[in-house]
Amino acid sequence: MSFAHPWWLLLLLLLPVAGIVRRRRARDPAFLYSSIQLVHGVASLRQSYAGIILRRMRWLALAFLIVALARPRIGEGQVTIKASGIDIVVAVDFSMSMAAEDFEIGGRRANRVTAAKDVLRRFIDGRANDRIGIVAFAGNAYVAAPLTLDHSFLLQRLEQLRLGLIEDGTAIGSGIAAGLNRLRELPSKSRIIILMTDGQNNAGKVPPMTAAEAAEALKVKIYTIGVGTRGVAPYPQTDVFGQTRYVPMEVNIDEELLGRIAERTGGKYFRAVSTETLRSIYDEIDQLERSEAEVRKFQRYDEVFGWFAVPGLILLLLELVLGHTVWRKLP
C-alpha cells in the first residue's frame with residue numbers, strides 16, 4: 001500500500017499532542033446540590049466509562065479521516081513486457097472519393113473508408129505495446145488521435161471518423177506534415193507513417209515531396225498505400241427518389257508520387273485493390289517493423305481511501321448520536 005498525499009499523515013503526530021493539551025485544560029465540573037442523591041444516577045462510575053469511550057471514538061474517527069485524506073492506494077504491481085519501441089502514425093484519406101465501393105467485407109460491398117477502418121482495427125490490435133496515432137486528411141489534415149498506448153481510446157476515435165467531416169480534397173503533403181509534427185520530438189527506436197490515399201495531391205499548403213524530405217531528415221519512414229481498384233470503381237449517388245444508384249468513377253492514384261515518397265524515406269509503396277490485399281499489406285508492414293526491447297510497465301492503482309473514510313465518518317456520527325442521547329452529559 002502507498003499514499004498519493006503522504007504529507008497528510010503528519011497530522012497523526014498532532015493527535016497525541018492535542019490530547020495532552022485537552023487533558024491539561026480540562027476542569028472537573030462542579031455543581032452544588034442539596035443532596036447527592038439527586039444526581040446519584042449520572043455520577044456513577046459507568047458514566048465515566050461512557051465519557052472515555054466517546055473521547056476515544058472521536059480520536060479514532062479523526063485518525064481514520066486523516067489516513068483517508070492521504071489517499072491510500074494499492075498498486076497492482078509492475079510487469080515486464082516486450083515492446084517494439086516503434087511509434088506509428090496512420091494517415092487516412094477521408095476525401096469523398098473514398099466513398100467508392102470497390103471493396104468487400106464478409107461478402108458484402110464496402111467503401112474504401114470502411115475497408116480501411118476494418119484493416120486498421122486488426123493492425124492496432126496486433127500492436128498492443130506500440131504508441132499509435134491517427135491523422136485524418138482531405139482538403140486539410142487533422143490529428144484525430146495523438147500517439148497513445150490507450151488503444152481503446154484510439155479505436156473509439158477511429159469509429160467516430162467518417163466522410164464529410166473535413167472539406168473535400170486530397171492534401172497528401174499536409175497529411176504527412178501533421179504526422180511528422182507528432183513524431184519529431186519522440187525519442188523512439190523507430191518512427192513510421194503509414195499513409196493511405198486513393199487520389200492525387202490537389203490541396204494543402206505543403207508539397208508532398210517537401211514533406212517527404214522533412215521526414216527523411218527526421219529519420220521517419222513512410223509506407224504509402226494506394227487504395228482502390230484499377231480502372232473504374234462504383235461510386236454511390238442518391239437520386240431524386242432517395243434511391244442509391246452507382247455510377248462509374250475513374251480511379252486516379254498518383255502511384256509515381258507515392259512511390260517517390262516511400263523511396264525517399266526508406267519505406268515502401270503498396271497498391272491495395274481489395275480488402276484481402278490491404279490486409280496483406282498491413283501484415284507485411286507489421287512484419288517489417290518489429291524490434292523487441294524489454295521494458296517495465298506500471299499498472300494502475302486501486303484507490304482504497306474509502307476503507308478509512310467510511311469507518312471514520314461512522315465513528316464520528318456514532319459519537320455525536322451517543323453523546324446527545326443515552327450518554328448525554330449534564331448541562
# chains A, B, ... in the order shown; residues from 1 in each chain; ligands from 1
$ residues_around --residues "segment 147-154 of chain A" --least-positions-apart "3" --cutoff "9 Å" --atoms "only C-alpha atoms" --output "PyMOL selection string"
chain A and resi 87-89+124-125+128-134+144+157-159+182-183
$ write_last_selection --atoms "N, CA and C atoms" --output "short mmCIF file (atom, residue, chain, number, x, y, z; two decimals), in the first residue's frame"
data_model
loop_
_atom_site.label_atom_id
_atom_site.label_comp_id
_atom_site.auth_asym_id
_atom_site.auth_seq_id
_atom_site.Cartn_x
_atom_site.Cartn_y
_atom_site.Cartn_z
N ASP A 87 7.00 4.01 -32.87
CA ASP A 87 5.87 4.94 -32.87
C ASP A 87 5.31 5.03 -34.28
N ILE A 88 3.98 4.90 -34.38
CA ILE A 88 3.34 4.80 -35.69
C ILE A 88 2.22 5.82 -35.81
N VAL A 89 2.24 6.59 -36.89
CA VAL A 89 1.12 7.47 -37.23
C VAL A 89 0.49 6.94 -38.51
N ILE A 124 -4.08 -2.36 -35.25
CA ILE A 124 -3.93 -1.77 -33.91
C ILE A 124 -3.96 -2.86 -32.83
N ASP A 125 -4.86 -3.81 -32.98
CA ASP A 125 -4.96 -4.91 -32.00
C ASP A 125 -3.68 -5.73 -31.96
N ALA A 128 -0.15 -4.03 -29.63
CA ALA A 128 -0.65 -3.59 -28.32
C ALA A 128 0.35 -2.74 -27.55
N ASN A 129 1.65 -2.92 -27.78
CA ASN A 129 2.66 -2.21 -27.00
C ASN A 129 3.33 -1.08 -27.77
N ASP A 130 2.70 -0.63 -28.84
CA ASP A 130 3.23 0.49 -29.62
C ASP A 130 2.35 1.72 -29.42
N ARG A 131 2.97 2.88 -29.47
CA ARG A 131 2.19 4.11 -29.50
C ARG A 131 1.74 4.35 -30.94
N ILE A 132 0.44 4.54 -31.10
CA ILE A 132 -0.13 4.73 -32.43
C ILE A 132 -1.01 5.97 -32.41
N GLY A 133 -0.93 6.76 -33.46
CA GLY A 133 -1.78 7.92 -33.61
C GLY A 133 -2.46 7.90 -34.97
N ILE A 134 -3.50 8.71 -35.14
CA ILE A 134 -4.26 8.75 -36.39
C ILE A 134 -4.36 10.19 -36.88
N ALA A 144 -6.56 13.18 -35.53
CA ALA A 144 -7.77 12.58 -34.96
C ALA A 144 -7.50 11.92 -33.62
N ARG A 157 -11.92 6.73 -31.34
CA ARG A 157 -11.72 7.86 -32.24
C ARG A 157 -11.82 7.40 -33.70
N LEU A 158 -11.31 6.22 -33.99
CA LEU A 158 -11.38 5.71 -35.35
C LEU A 158 -12.84 5.51 -35.78
N GLU A 159 -13.67 5.00 -34.86
CA GLU A 159 -15.07 4.77 -35.19
C GLU A 159 -15.82 6.09 -35.42
N ARG A 182 3.76 15.18 -34.89
CA ARG A 182 3.54 14.34 -33.71
C ARG A 182 4.74 13.45 -33.41
N LEU A 183 5.53 13.14 -34.41
CA LEU A 183 6.63 12.18 -34.24
C LEU A 183 7.97 12.82 -33.95
#
$ closest_atom_pairs --of "segment 143-177 of chain A" --to "segment 251-259 of chain A" --cutoff "12 Å" --atoms "only C-alpha atoms" --output "JSON lines"
{"residue": "A:Thr170", "atom": "CA", "partner": "A:Ile253", "partner_atom": "CA", "distance": 10.9}
{"residue": "A:Ile172", "atom": "CA", "partner": "A:Leu258", "partner_atom": "CA", "distance": 9.3}
{"residue": "A:Gly173", "atom": "CA", "partner": "A:Leu258", "partner_atom": "CA", "distance": 10.8}
{"residue": "A:Ile176", "atom": "CA", "partner": "A:Leu258", "partner_atom": "CA", "distance": 11.5}
$ select_by_dssp --residues "segment 37-230 of chain A" --states "strand (DSSP E or B)" --output "VMD selection string"
chain A and resid 72 to 75 78 to 83 86 to 93 103 to 105 108 to 110 131 to 137 141 to 148 190 to 197 220 to 227
$ residues_around --residues "segment 212-228 of chain A" --least-positions-apart "3" --cutoff "7 Å" --atoms "only C-alpha atoms" --output "list in words"
Asp102, Leu180, Arg184, Arg191, Ile192, Ile193, Ile194, Leu195, Met196, Thr197, Asp198, Pro208, Met209, Val251, Ile253, Glu255, Leu258, Ile261, Ala262, Arg264, Thr265, Gly266, Gly267, Lys268, Tyr269, Phe270, Arg271, Ala272 and Val273 of chain A
$ atom_distance --atom1 "atom CA of Trp59 of chain A" --atom2 "atom CA of Leu317 of chain A"
12.6 Å
$ closest_residue --among "A:Val92, A:Arg230, A:Gly306, A:Gly126" --to "Ser174 of chain A" --atoms "only C-alpha atoms"
A:Val92
$ closest_residue --among "A:Phe64, A:Phe3, A:Trp8, A:Phe123" --to "Ile281 of chain A" --atoms "only C-alpha atoms"
A:Phe123
$ residues_around --residues "Ala99 of chain A" --least-positions-apart "4" --cutoff "8 Å" --atoms "only C-alpha atoms" --output "list in words"
Asn111, Arg112, Val113, Leu163, Tyr235 and Pro236 of chain A
$ select_by_dssp --residues "segment 87-270 of chain A" --states "helix (DSSP H, G or I)" --output "NGL selection string"
:A and (96-99 or 112-126 or 151-160 or 172-183 or 208-217 or 255-265)
$ atom_distance --atom1 "atom CA of Gly242 of chain A" --atom2 "atom CA of Ala100 of chain A"
18.1 Å
$ residues_around --residues "Ala4 of chain A" --least-positions-apart "3" --cutoff "8 Å" --atoms "only C-alpha atoms" --output "list in words"
Ala70, Arg71, Pro72 and Arg73 of chain A
$ atom_distance --atom1 "atom CA of Thr275 of chain A" --atom2 "atom CA of Arg245 of chain A"
22.3 Å
$ residues_around --residues "Val67 of chain A" --least-positions-apart "5" --cutoff "12 Å" --atoms "only C-alpha atoms" --output "PDB file with N, CA and C atoms, in the first residue's frame"
ATOM      1  N   SER A   2       0.466   2.257  -0.734  1.00  0.00           N
ATOM      2  CA  SER A   2       1.162   3.533  -0.762  1.00  0.00           C
ATOM      3  C   SER A   2       0.129   4.651  -0.626  1.00  0.00           C
ATOM      4  N   PHE A   3       0.636   5.893  -0.528  1.00  0.00           N
ATOM      5  CA  PHE A   3      -0.242   7.039  -0.324  1.00  0.00           C
ATOM      6  C   PHE A   3       0.033   8.085  -1.410  1.00  0.00           C
ATOM      7  N   ALA A   4      -1.048   8.612  -2.007  1.00  0.00           N
ATOM      8  CA  ALA A   4      -0.894   9.638  -3.028  1.00  0.00           C
ATOM      9  C   ALA A   4      -0.464  10.964  -2.415  1.00  0.00           C
ATOM     10  N   HIS A   5      -0.949  11.265  -1.188  1.00  0.00           N
ATOM     11  CA  HIS A   5      -0.597  12.511  -0.495  1.00  0.00           C
ATOM     12  C   HIS A   5      -0.113  12.175   0.918  1.00  0.00           C
ATOM     13  N   PRO A   6       1.075  11.613   1.043  1.00  0.00           N
ATOM     14  CA  PRO A   6       1.519  11.111   2.359  1.00  0.00           C
ATOM     15  C   PRO A   6       1.723  12.199   3.398  1.00  0.00           C
ATOM     16  N   TRP A   7       1.900  13.480   2.979  1.00  0.00           N
ATOM     17  CA  TRP A   7       2.149  14.533   3.969  1.00  0.00           C
ATOM     18  C   TRP A   7       0.975  14.744   4.921  1.00  0.00           C
ATOM     19  N   TRP A   8      -0.236  14.322   4.501  1.00  0.00           N
ATOM     20  CA  TRP A   8      -1.382  14.420   5.411  1.00  0.00           C
ATOM     21  C   TRP A   8      -1.180  13.554   6.662  1.00  0.00           C
ATOM     22  N   LEU A   9      -0.364  12.515   6.555  1.00  0.00           N
ATOM     23  CA  LEU A   9      -0.146  11.616   7.694  1.00  0.00           C
ATOM     24  C   LEU A   9       0.583  12.314   8.839  1.00  0.00           C
ATOM     25  N   LEU A  10       1.224  13.449   8.552  1.00  0.00           N
ATOM     26  CA  LEU A  10       1.892  14.198   9.619  1.00  0.00           C
ATOM     27  C   LEU A  10       0.904  14.674  10.672  1.00  0.00           C
ATOM     28  N   LEU A  11      -0.363  14.829  10.257  1.00  0.00           N
ATOM     29  CA  LEU A  11      -1.382  15.256  11.216  1.00  0.00           C
ATOM     30  C   LEU A  11      -1.600  14.209  12.304  1.00  0.00           C
ATOM     31  N   LEU A  12      -1.284  12.962  12.028  1.00  0.00           N
ATOM     32  CA  LEU A  12      -1.432  11.917  13.046  1.00  0.00           C
ATOM     33  C   LEU A  12      -0.530  12.190  14.240  1.00  0.00           C
ATOM     34  N   LEU A  13       0.625  12.828  13.967  1.00  0.00           N
ATOM     35  CA  LEU A  13       1.542  13.142  15.070  1.00  0.00           C
ATOM     36  C   LEU A  13       0.975  14.209  15.984  1.00  0.00           C
ATOM     37  N   LEU A  60     -10.291   8.272  17.351  1.00  0.00           N
ATOM     38  CA  LEU A  60     -10.130   7.220  16.340  1.00  0.00           C
ATOM     39  C   LEU A  60     -10.745   7.645  15.009  1.00  0.00           C
ATOM     40  N   ALA A  61     -11.886   8.325  15.091  1.00  0.00           N
ATOM     41  CA  ALA A  61     -12.526   8.822  13.867  1.00  0.00           C
ATOM     42  C   ALA A  61     -11.630   9.821  13.155  1.00  0.00           C
ATOM     43  N   LEU A  62     -11.015  10.731  13.916  1.00  0.00           N
ATOM     44  CA  LEU A  62     -10.105  11.699  13.310  1.00  0.00           C
ATOM     45  C   LEU A  62      -8.910  11.014  12.659  1.00  0.00           C
ATOM     46  N   PRO A  72      -4.836   6.503   0.555  1.00  0.00           N
ATOM     47  CA  PRO A  72      -4.164   5.199   0.457  1.00  0.00           C
ATOM     48  C   PRO A  72      -4.602   4.463  -0.804  1.00  0.00           C
ATOM     49  N   ARG A  73      -3.701   3.746  -1.400  1.00  0.00           N
ATOM     50  CA  ARG A  73      -3.995   3.007  -2.632  1.00  0.00           C
ATOM     51  C   ARG A  73      -3.131   1.765  -2.682  1.00  0.00           C
ATOM     52  N   VAL A 304      -8.180   3.081  -2.170  1.00  0.00           N
ATOM     53  CA  VAL A 304      -8.854   2.423  -1.031  1.00  0.00           C
ATOM     54  C   VAL A 304      -9.100   3.407   0.112  1.00  0.00           C
ATOM     55  N   PHE A 305      -9.150   4.718  -0.209  1.00  0.00           N
ATOM     56  CA  PHE A 305      -9.379   5.685   0.863  1.00  0.00           C
ATOM     57  C   PHE A 305     -10.739   5.484   1.527  1.00  0.00           C
ATOM     58  N   GLY A 306     -11.681   4.863   0.799  1.00  0.00           N
ATOM     59  CA  GLY A 306     -12.995   4.604   1.371  1.00  0.00           C
ATOM     60  C   GLY A 306     -12.948   3.639   2.538  1.00  0.00           C
ATOM     61  N   TRP A 307     -11.913   2.774   2.565  1.00  0.00           N
ATOM     62  CA  TRP A 307     -11.775   1.851   3.691  1.00  0.00           C
ATOM     63  C   TRP A 307     -11.562   2.606   5.004  1.00  0.00           C
ATOM     64  N   PHE A 308     -11.041   3.821   4.940  1.00  0.00           N
ATOM     65  CA  PHE A 308     -10.765   4.612   6.134  1.00  0.00           C
ATOM     66  C   PHE A 308     -11.781   5.740   6.314  1.00  0.00           C
ATOM     67  N   ALA A 309     -12.224   6.321   5.197  1.00  0.00           N
ATOM     68  CA  ALA A 309     -13.176   7.432   5.298  1.00  0.00           C
ATOM     69  C   ALA A 309     -14.517   6.971   5.863  1.00  0.00           C
ATOM     70  N   VAL A 310     -15.018   5.833   5.394  1.00  0.00           N
ATOM     71  CA  VAL A 310     -16.331   5.354   5.834  1.00  0.00           C
ATOM     72  C   VAL A 310     -16.332   5.007   7.323  1.00  0.00           C
ATOM     73  N   PRO A 311     -15.371   4.191   7.814  1.00  0.00           N
ATOM     74  CA  PRO A 311     -15.370   3.929   9.264  1.00  0.00           C
ATOM     75  C   PRO A 311     -15.191   5.200  10.089  1.00  0.00           C
ATOM     76  N   GLY A 312     -14.369   6.147   9.584  1.00  0.00           N
ATOM     77  CA  GLY A 312     -14.176   7.386  10.320  1.00  0.00           C
ATOM     78  C   GLY A 312     -15.456   8.176  10.446  1.00  0.00           C
TER      79      GLY A 312
END
$ decode --residues "segment 62-76 of chain A" --atoms "N, CA and C atoms" --output "compact mmCIF listing (two decimals), in the first residue's frame"
# COMPACT_ATOMS: atom_id res chain seq x y z
N LEU A 62 -11.02 10.73 13.92
CA LEU A 62 -10.10 11.70 13.31
C LEU A 62 -8.91 11.01 12.66
N ALA A 63 -8.39 9.96 13.32
CA ALA A 63 -7.25 9.23 12.74
C ALA A 63 -7.64 8.58 11.41
N PHE A 64 -8.82 7.96 11.38
CA PHE A 64 -9.29 7.34 10.14
C PHE A 64 -9.42 8.38 9.02
N LEU A 65 -9.99 9.53 9.34
CA LEU A 65 -10.22 10.56 8.33
C LEU A 65 -8.91 11.16 7.82
N ILE A 66 -7.92 11.28 8.70
CA ILE A 66 -6.61 11.78 8.27
C ILE A 66 -5.95 10.80 7.31
N VAL A 67 -6.03 9.51 7.62
CA VAL A 67 -5.47 8.50 6.71
C VAL A 67 -6.19 8.53 5.37
N ALA A 68 -7.51 8.75 5.39
CA ALA A 68 -8.27 8.83 4.14
C ALA A 68 -7.82 10.02 3.30
N LEU A 69 -7.51 11.16 3.96
CA LEU A 69 -7.02 12.34 3.24
C LEU A 69 -5.70 12.07 2.53
N ALA A 70 -4.90 11.16 3.07
CA ALA A 70 -3.62 10.82 2.44
C ALA A 70 -3.80 9.93 1.20
N ARG A 71 -5.04 9.55 0.90
CA ARG A 71 -5.39 8.73 -0.27
C ARG A 71 -4.58 7.42 -0.34
N PRO A 72 -4.84 6.50 0.56
CA PRO A 72 -4.16 5.20 0.46
C PRO A 72 -4.60 4.46 -0.80
N ARG A 73 -3.70 3.75 -1.40
CA ARG A 73 -3.99 3.01 -2.63
C ARG A 73 -3.13 1.77 -2.68
N ILE A 74 -3.64 0.77 -3.37
CA ILE A 74 -2.94 -0.49 -3.51
C ILE A 74 -2.54 -0.64 -4.97
N GLY A 75 -1.25 -0.72 -5.23
CA GLY A 75 -0.77 -0.89 -6.59
C GLY A 75 -0.87 -2.34 -7.01
N GLU A 76 -1.22 -2.54 -8.27
CA GLU A 76 -1.31 -3.90 -8.79
C GLU A 76 0.06 -4.44 -9.22
